[in-house]
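For reference, the structure is listed below as C-alpha cells.
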Amino acid sequence: MKAWMEEDADNKKIFSEYLIFLKNAQRIRFSATIDEHIAWKVIYSKLEERRTFSFRPYLKYASVLLALVSLTISYQVLHKPKGNKDIVSEIHVIKPGKPKAILELGDGRSIDLQGINDSTLLLGNGLHIQVKNETIDYSEADVSSELVNTIHIPKGGEYNLVLSDGTRIWLNSDSELSFPAKFTGEKRKVFLKGEAYLEVAKKENFPFVLDVKGIQVEVLGTSFNVKAYDNIETTLVEGKVNIHTNASTNVILKPGDQGIVDTHNNNVEVKQVDTRIYTSWVNGMFTFRSMTLEEIMKTFERWYNVTVSYENDDFKHRHFTGNLERYEEINPHLELISLTTDVDFKISGNDILVVQK
C-alpha cells in the first residue's frame with residue numbers, strides 16, 4: 001500500500017479521502033465475507049469511469065483494495081464522479097417508525113396511544129394506568145378488573161408496556177400482545193404475535209407463561225427475546241426458560257441459547273448465539289450478521305411500513321453484515337447496501353423495487 005501511494009500523488013489523495021470516509025462511517029461494519037466477485041465488478045466499473053485513472057497497472061495491489069472493501073463499505077465510494085445520480089434511484093425520503101399503538105380494552109373500547117404521554121388514563125372499572133415515555137404502565141394501578149386487554153402495534157410502530165406484576169415488555173412493529181389487567185390463578189399468562197423483548201419480574205411459585213402460536217415459553221424471572229413472524233425464535237439473555245411444544249416435549253434454554261421452533265412440525269433447534277444481534281432493536285440498532293437481503297428487507301418492511309419487490313429473485317440471496325441506526329431514514333441504509341453489491345433501489349412512495357445496478 002505504501003508503494004502504491006508513493007507512485008502517484010493522486011493515489012495518496014485517494015487514500016486520504018478513504019480515511020476520512022472511514023472515520024465518518026465507523027457505525028457501519030461490513031464483514032470480509034462479502035461476494036468478492038461482485039465487489040470486484042463494482043470496483044472495476046467505478047474505476048473505469050475515472051478517465052485519469054488506469055486500473056491495470058495496479059493489479060498487484062488487488063488484495064489490498066479488496067481488503068479495504070471487506071473491512072468497510074466499498075472502495076467505489078471514493079470514485080463516484082460528481083454529478084452522478086444517487087445510488088438509490090428516485091429519491092423519496094422514508095421516515096423510520098415511531099411509538100404508536102392501539103390499546104383494546106376487555107370491554108371492547110379502543111384507545112389510540114400515539115401522542116399520549118405523561119398522562120393518567122381512566123379506563124373504567126376503577127382502572128387507572130400511567131402513560132409516560134411511550135410506556136403504558138399497569139404496575140402502579142389499583143387494578144380490580146381481570147379483563148384481558150390487547151395492545152396492537154402497527155407496521156412502522158413500537159411501544160413499551162409494564163404489566164401489573166412489574167414485567168417490562170418492548171413490542172416491535174407489526175406485533176400484538178394480549179394480557180390481563182391483573183394476574184390471578186397459578187400462572188401469569190400472556191399471548192404474543194410478532195416480536196417482543198421481555199424482562200420478566202421474578203415471582204417465586206408464580207411462573208410467567210408466554211403463549212406464541214400455541215407454543216408455551218415458561219419462565220420464573222428472566223430476560224429474553226421472542227420473534228414469531230414466521231418460525232418462533234426465542235433468544236435467552238439471562239435466566240432460564242422452558243419451551244413446551246406439546247404435552248411431551250420440553251426444551252430448556254440457558255443464557256446465550258436460541259431455540260427455534262419450526263411451526264410446521266413443532267421441532268425445536270437449539271444453538272448458541274450472540275444475543276446482542278437479536279436484541280439490538282431494543283437499543284435503537286439494526287444488527288445484521290451475514291443476513292440475506294430478503295431478511296433485511298422484511299425487517300425494513302415492518303419498521304418503515306414499506307412494500308418491497310424484486311426485479312430478480314436472485315437479489316434476495318445477497319448477504320450483508322453491518323450495524324445500522326434504527327431511527328434513521330431508510331435511504332442511507334439502502335445506499336450503503338447498494339455500495340457493496342450489484343443492486344440498486346427504486347423508491348416510489350412507500351414501494352421499493354430492488355433492481356440491477
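Lettering and numbering for the C-alpha cells are positional, with chains as A, B, ... in the shown order, residues counted from 1 in each chain, and ligands counted from 1 in the shown order.
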
Leu198 (chain A): which residues within 8 Å, counting only C-alpha atoms, same-chain residues fewer than 4 positions away excluded, as number ranges by chain? A: 167-170, 222-225

Expected answer as a PyMOL selection string: strand (DSSP E or B) residues in region 185-259 of chain A: chain A and resi 188-199+208-212+215-219+223-228+232-238+241-246+249-253+257-259

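CA of Gly221 (chain A) lies 27.7 Å from CA of Lys100 (chain A).
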
Select, from A:Leu163, A:Leu236, A:Leu210, A:Ile243, the residue with the minimum atom-to-atom distance to Asp274 (chain A), counting only C-alpha atoms.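 For Asp274 (chain A), the nearest of the given residues is A:Leu236.
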
Quick one: of A:Thr287, A:Gln356, A:Ser348, A:Asn133, who's nearest to Phe315 (chain A), counting only C-alpha atoms? A:Gln356

As a ChimeraX atom specification, please: the residues near Val241 (chain A) (cut-off 6 Å, only C-alpha atoms, same-chain neighbours under 6 positions excluded). /A:218-219,252-253

How about saving the chosen residues, C-alpha atoms kept, as a PDB file, in the first residue's frame?
ATOM      1  CA  GLU A 218     -42.393 -20.643  30.618  1.00  0.00           C
ATOM      2  CA  VAL A 219     -40.108 -18.626  32.906  1.00  0.00           C
ATOM      3  CA  ILE A 252     -34.783 -25.838  28.382  1.00  0.00           C
ATOM      4  CA  LEU A 253     -32.659 -22.886  27.237  1.00  0.00           C
TER       5      LEU A 253
END

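In this comparison, which uses only C-alpha atoms, the residue of A:Lys155, A:Leu121, A:Lys182, A:Phe286 approaching Tyr304 (chain A) most closely is A:Lys155.
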
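In this comparison, which uses only C-alpha atoms, the residue of A:Asp262, A:Asp313, A:Glu301, A:Glu199 approaching Gly239 (chain A) most closely is A:Glu199.
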
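The residue set within 7 Å of Val209 (chain A), counting only C-alpha atoms and dropping same-chain residues fewer than 3 places from it, reads Lys187, Arg188, Lys189, Val190, Gln216, Val217, Glu218 and Val219 of chain A.
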
May I have the selected residues written with N, CA and C atoms, as a PDB file, in the first residue's frame?
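Writing done, so here's part.pdb:
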ATOM      1  N   LYS A 187     -50.748 -19.060  37.297  1.00  0.00           N
ATOM      2  CA  LYS A 187     -49.738 -18.636  36.330  1.00  0.00           C
ATOM      3  C   LYS A 187     -50.028 -17.228  35.839  1.00  0.00           C
ATOM      4  N   ARG A 188     -48.978 -16.543  35.408  1.00  0.00           N
ATOM      5  CA  ARG A 188     -49.099 -15.259  34.715  1.00  0.00           C
ATOM      6  C   ARG A 188     -48.992 -15.570  33.220  1.00  0.00           C
ATOM      7  N   LYS A 189     -50.074 -15.491  32.496  1.00  0.00           N
ATOM      8  CA  LYS A 189     -50.070 -15.912  31.099  1.00  0.00           C
ATOM      9  C   LYS A 189     -50.454 -14.760  30.175  1.00  0.00           C
ATOM     10  N   VAL A 190     -49.649 -14.577  29.114  1.00  0.00           N
ATOM     11  CA  VAL A 190     -49.920 -13.563  28.090  1.00  0.00           C
ATOM     12  C   VAL A 190     -49.752 -14.206  26.721  1.00  0.00           C
ATOM     13  N   GLN A 216     -45.707 -22.769  24.314  1.00  0.00           N
ATOM     14  CA  GLN A 216     -45.614 -22.146  25.621  1.00  0.00           C
ATOM     15  C   GLN A 216     -44.150 -21.922  26.006  1.00  0.00           C
ATOM     16  N   VAL A 217     -43.804 -20.664  26.307  1.00  0.00           N
ATOM     17  CA  VAL A 217     -42.476 -20.337  26.817  1.00  0.00           C
ATOM     18  C   VAL A 217     -42.661 -19.959  28.281  1.00  0.00           C
ATOM     19  N   GLU A 218     -42.151 -20.827  29.180  1.00  0.00           N
ATOM     20  CA  GLU A 218     -42.393 -20.643  30.618  1.00  0.00           C
ATOM     21  C   GLU A 218     -41.124 -20.195  31.330  1.00  0.00           C
ATOM     22  N   VAL A 219     -41.261 -19.171  32.172  1.00  0.00           N
ATOM     23  CA  VAL A 219     -40.108 -18.626  32.906  1.00  0.00           C
ATOM     24  C   VAL A 219     -40.533 -18.287  34.330  1.00  0.00           C
TER      25      VAL A 219
END

Could you list, as an MDAnalysis selection string, every residue within 9 Å of Val251 (chain A), counting only C-alpha atoms and ignoring same-chain residues fewer than 3 positions away? chainID A and resid 241:245 259 268 270

Using Å and a single decimal, report how far CA of Leu220 (chain A) sits from CA of Glu238 (chain A). 11.3 Å

What's the 10 Å shell around Trp303 (chain A), counting only C-alpha atoms, without same-chain residues fewer than 6 positions away, as a ChimeraX atom specification? /A:95-98,154-158,172-174,297,326-327,330
